[in-house]
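Structure data follow from structure00.txt (compact mmCIF, C-alpha atoms):
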```
# COMPACT_ATOMS: atom_id res chain seq x y z
CA MET A 1 0.55 23.21 4.28
CA SER A 2 3.01 24.05 1.52
CA ALA A 3 6.54 22.73 1.89
CA ALA A 4 9.34 25.20 2.60
CA PHE A 5 12.30 23.06 1.53
CA VAL A 6 13.45 19.60 0.42
CA VAL A 7 15.48 17.67 2.98
CA ASP A 8 17.58 14.61 2.24
CA CYS A 9 18.60 11.75 4.48
CA SER A 10 22.08 13.14 5.19
CA VAL A 11 20.56 16.15 6.95
CA ALA A 12 17.83 14.20 8.72
CA MET A 13 20.34 11.80 10.22
CA THR A 14 22.18 14.68 11.89
CA TRP A 15 19.03 15.09 13.97
CA LEU A 16 19.78 11.67 15.46
CA PHE A 17 23.57 11.63 15.44
CA SER A 18 24.60 14.75 17.32
CA ASP A 19 28.27 14.31 16.35
CA GLU A 20 27.23 14.97 12.75
CA ALA A 21 25.02 17.98 13.49
CA THR A 22 25.90 21.51 12.48
CA PRO A 23 24.26 24.78 13.44
CA LYS A 24 22.55 24.80 10.03
CA THR A 25 21.13 21.29 10.37
CA ALA A 26 19.92 22.09 13.89
CA ALA A 27 18.24 25.25 12.56
CA LEU A 28 16.45 23.20 9.89
CA LEU A 29 15.08 20.88 12.55
CA LYS A 30 13.80 23.88 14.49
CA ARG A 31 12.12 25.21 11.36
CA LEU A 32 10.05 22.03 11.20
CA ALA A 33 8.16 23.14 14.29
CA SER A 34 6.34 25.65 12.07
CA GLU A 35 7.19 24.65 8.49
CA THR A 36 6.97 21.56 6.34
CA ALA A 37 9.80 19.77 4.55
CA LEU A 38 9.24 17.82 1.36
CA VAL A 39 10.84 14.42 0.85
CA PRO A 40 10.60 11.81 -1.88
CA ALA A 41 8.91 8.57 -0.87
CA TRP A 42 12.36 6.97 -1.10
CA TRP A 43 13.47 9.03 1.94
CA PHE A 44 11.71 6.69 4.37
CA VAL A 45 13.51 3.65 2.94
CA GLU A 46 16.83 5.50 3.06
CA ILE A 47 16.27 6.51 6.71
CA THR A 48 15.40 2.89 7.52
CA ASN A 49 18.61 1.66 5.90
CA VAL A 50 20.76 4.08 7.90
CA LEU A 51 19.02 3.10 11.13
CA ALA A 52 19.44 -0.62 10.40
CA LEU A 53 23.15 -0.18 9.62
CA ALA A 54 23.71 1.96 12.71
CA GLU A 55 22.05 -0.70 14.87
CA ARG A 56 24.05 -3.47 13.26
CA LYS A 57 27.28 -1.57 13.92
CA ARG A 58 26.06 -0.91 17.47
CA ARG A 59 26.22 2.85 16.99
CA ILE A 60 22.66 3.06 18.34
CA ALA A 61 20.25 0.71 20.05
CA PRO A 62 16.89 -0.22 18.52
CA VAL A 63 15.16 1.82 21.23
CA HIS A 64 16.94 4.93 19.89
CA SER A 65 15.86 4.14 16.34
CA ASP A 66 12.27 3.74 17.53
CA ALA A 67 12.41 7.05 19.40
CA PHE A 68 13.85 8.80 16.32
CA ILE A 69 11.07 7.39 14.13
CA ALA A 70 8.50 8.60 16.65
CA ASP A 71 10.12 12.05 16.62
CA LEU A 72 10.07 12.16 12.82
CA SER A 73 6.35 11.43 12.85
CA THR A 74 5.75 14.64 14.81
CA LEU A 75 7.56 16.82 12.27
CA GLY A 76 6.11 18.51 9.24
CA ILE A 77 7.27 16.02 6.62
CA GLU A 78 5.37 15.86 3.31
CA ARG A 79 5.93 12.88 1.00
CA ASP A 80 6.18 13.23 -2.78
CA ASP A 81 5.37 10.08 -4.74
CA ASP A 82 6.20 11.22 -8.28
CA ALA A 83 9.78 9.90 -8.63
CA PRO A 84 8.92 6.50 -10.15
CA ASP A 85 7.14 8.17 -13.05
CA ARG A 86 10.20 10.36 -13.65
CA ALA A 87 12.88 7.66 -13.26
CA PHE A 88 13.62 6.88 -16.90
CA SER A 89 13.39 10.46 -18.07
CA ASN A 90 14.23 13.26 -15.68
CA LEU A 91 16.14 11.26 -13.07
CA LEU A 92 18.27 9.37 -15.57
CA LEU A 93 19.13 12.62 -17.33
CA LEU A 94 20.23 14.19 -14.02
CA CYS A 95 22.31 11.09 -13.26
CA ARG A 96 24.01 11.23 -16.64
CA THR A 97 24.59 14.96 -16.68
CA HIS A 98 25.82 15.38 -13.12
CA GLN A 99 27.24 11.92 -12.30
CA LEU A 100 24.69 11.44 -9.52
CA THR A 101 23.21 8.27 -8.12
CA SER A 102 19.52 7.90 -8.83
CA TYR A 103 18.95 8.26 -5.10
CA ASP A 104 20.54 11.71 -5.10
CA ALA A 105 18.90 12.71 -8.37
CA ILE A 106 15.50 12.19 -6.73
CA TYR A 107 16.18 15.02 -4.29
CA LEU A 108 17.52 17.36 -6.95
CA ASP A 109 14.60 16.68 -9.28
CA LEU A 110 12.16 17.32 -6.45
CA ALA A 111 13.79 20.64 -5.52
CA ILE A 112 13.77 21.75 -9.15
CA ARG A 113 10.23 20.59 -9.86
CA ARG A 114 8.77 22.25 -6.77
CA ASN A 115 11.09 25.27 -6.91
CA LEU A 116 12.28 24.71 -3.33
CA PRO A 117 15.65 25.06 -1.63
CA LEU A 118 17.52 21.84 -0.91
CA ALA A 119 19.04 20.75 2.40
CA THR A 120 21.79 18.19 1.87
CA LEU A 121 25.28 17.47 3.13
CA ASP A 122 26.15 15.32 0.09
CA ASP A 123 28.98 16.99 -1.86
CA ASP A 124 28.02 15.61 -5.29
CA LEU A 125 24.41 16.62 -4.82
CA ARG A 126 25.42 20.08 -3.60
CA ARG A 127 27.67 20.57 -6.63
CA ALA A 128 24.92 19.59 -9.07
CA ALA A 129 22.39 21.80 -7.27
CA ARG A 130 24.72 24.79 -7.53
CA LYS A 131 25.20 24.18 -11.27
CA LEU A 132 21.43 24.19 -11.74
CA GLY A 133 20.81 27.24 -9.58
CA VAL A 134 19.05 25.38 -6.78
CA CYS A 135 19.29 27.23 -3.47
CA LEU A 136 21.12 25.25 -0.77
CA LEU A 137 20.28 25.51 2.92
CA THR A 138 23.30 23.68 4.33
```

Would it be possible to restate this file's structure as structure tokens?
Amino acid sequence: MSAAFVVDCSVAMTWLFSDEATPKTAALLKRLASETALVPAWWFVEITNVLALAERKRRIAPVHSDAFIADLSTLGIERDDDAPDRAFSNLLLLCRTHQLTSYDAIYLDLAIRRNLPLATLDDDLRRAARKLGVCLLT
């Protein structure tokens, strides 16, 4: 199945934390019933970090993290593994040009490379995407 959009961690976490959800992020989750989202391999580590921090701060219990992970596994999520090969060239250039972290540049590079819209709530990433003509879904 071909991916319909790139989704970053900021959007995915709204699917767990309802107080952060918007109608647009909820609509993206619904789309995953019939479509596939593309994520960089890094996305899984980033999700894990947010879950671990939320547990540590007692925002959620481990049982909720486990249920969220199980829910994610039922969604159409496709992993892209190409970022490490692009780190010192494409990603670094995006970081320099748009003052992005490498973690954010991964999502932008993926959206550009695969010519897909990007779903993110990150302001810096949204700004860079707009400058480069990447369609935003949030």

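Proximity to His64 in chain A was assessed for A:Leu32, A:Ala21, A:Ala128, A:Leu16 counting only C-alpha atoms; the smallest distance is recorded for A:Leu16.
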
Practice problem: Go through A:Cys95, A:Ala67, A:Ile77, A:Leu51 one by one, measure the shortest atom-to-atom distance of each to Val7 in chain A using only C-alpha atoms, and give the residue with the smallest value. | Solution: A:Ile77

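Going from CA of Leu72 in chain A to CA of Met13 in chain A covers 10.6 Å.
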
Exercise. Please return, as a ChimeraX atom specification, all polymer residues that have at least one atom within 10 Å of the point (20.8, 24.7, -5.6); use all atoms listed in the file and the file's own coordinate frame.
Key: /A:108,111-112,115-120,125-137

Given the selection you just returned, output its residues as a file containing C-alpha atoms, formatted as a PDB file, keeping the file's coordinate frame.
```pdb
ATOM      1  CA  LEU A 108      17.520  17.360  -6.950  1.00  0.00           C
ATOM      2  CA  ALA A 111      13.790  20.640  -5.520  1.00  0.00           C
ATOM      3  CA  ILE A 112      13.770  21.750  -9.150  1.00  0.00           C
ATOM      4  CA  ASN A 115      11.090  25.270  -6.910  1.00  0.00           C
ATOM      5  CA  LEU A 116      12.280  24.710  -3.330  1.00  0.00           C
ATOM      6  CA  PRO A 117      15.650  25.060  -1.630  1.00  0.00           C
ATOM      7  CA  LEU A 118      17.520  21.840  -0.910  1.00  0.00           C
ATOM      8  CA  ALA A 119      19.040  20.750   2.400  1.00  0.00           C
ATOM      9  CA  THR A 120      21.790  18.190   1.870  1.00  0.00           C
ATOM     10  CA  LEU A 125      24.410  16.620  -4.820  1.00  0.00           C
ATOM     11  CA  ARG A 126      25.420  20.080  -3.600  1.00  0.00           C
ATOM     12  CA  ARG A 127      27.670  20.570  -6.630  1.00  0.00           C
ATOM     13  CA  ALA A 128      24.920  19.590  -9.070  1.00  0.00           C
ATOM     14  CA  ALA A 129      22.390  21.800  -7.270  1.00  0.00           C
ATOM     15  CA  ARG A 130      24.720  24.790  -7.530  1.00  0.00           C
ATOM     16  CA  LYS A 131      25.200  24.180 -11.270  1.00  0.00           C
ATOM     17  CA  LEU A 132      21.430  24.190 -11.740  1.00  0.00           C
ATOM     18  CA  GLY A 133      20.810  27.240  -9.580  1.00  0.00           C
ATOM     19  CA  VAL A 134      19.050  25.380  -6.780  1.00  0.00           C
ATOM     20  CA  CYS A 135      19.290  27.230  -3.470  1.00  0.00           C
ATOM     21  CA  LEU A 136      21.120  25.250  -0.770  1.00  0.00           C
ATOM     22  CA  LEU A 137      20.280  25.510   2.920  1.00  0.00           C
TER      23      LEU A 137
END
```

Quiz item: Between CA of Asp80 in chain A and CA of Pro40 in chain A, what is the distance, to one decimal in Å?
Solution: 4.7 Å
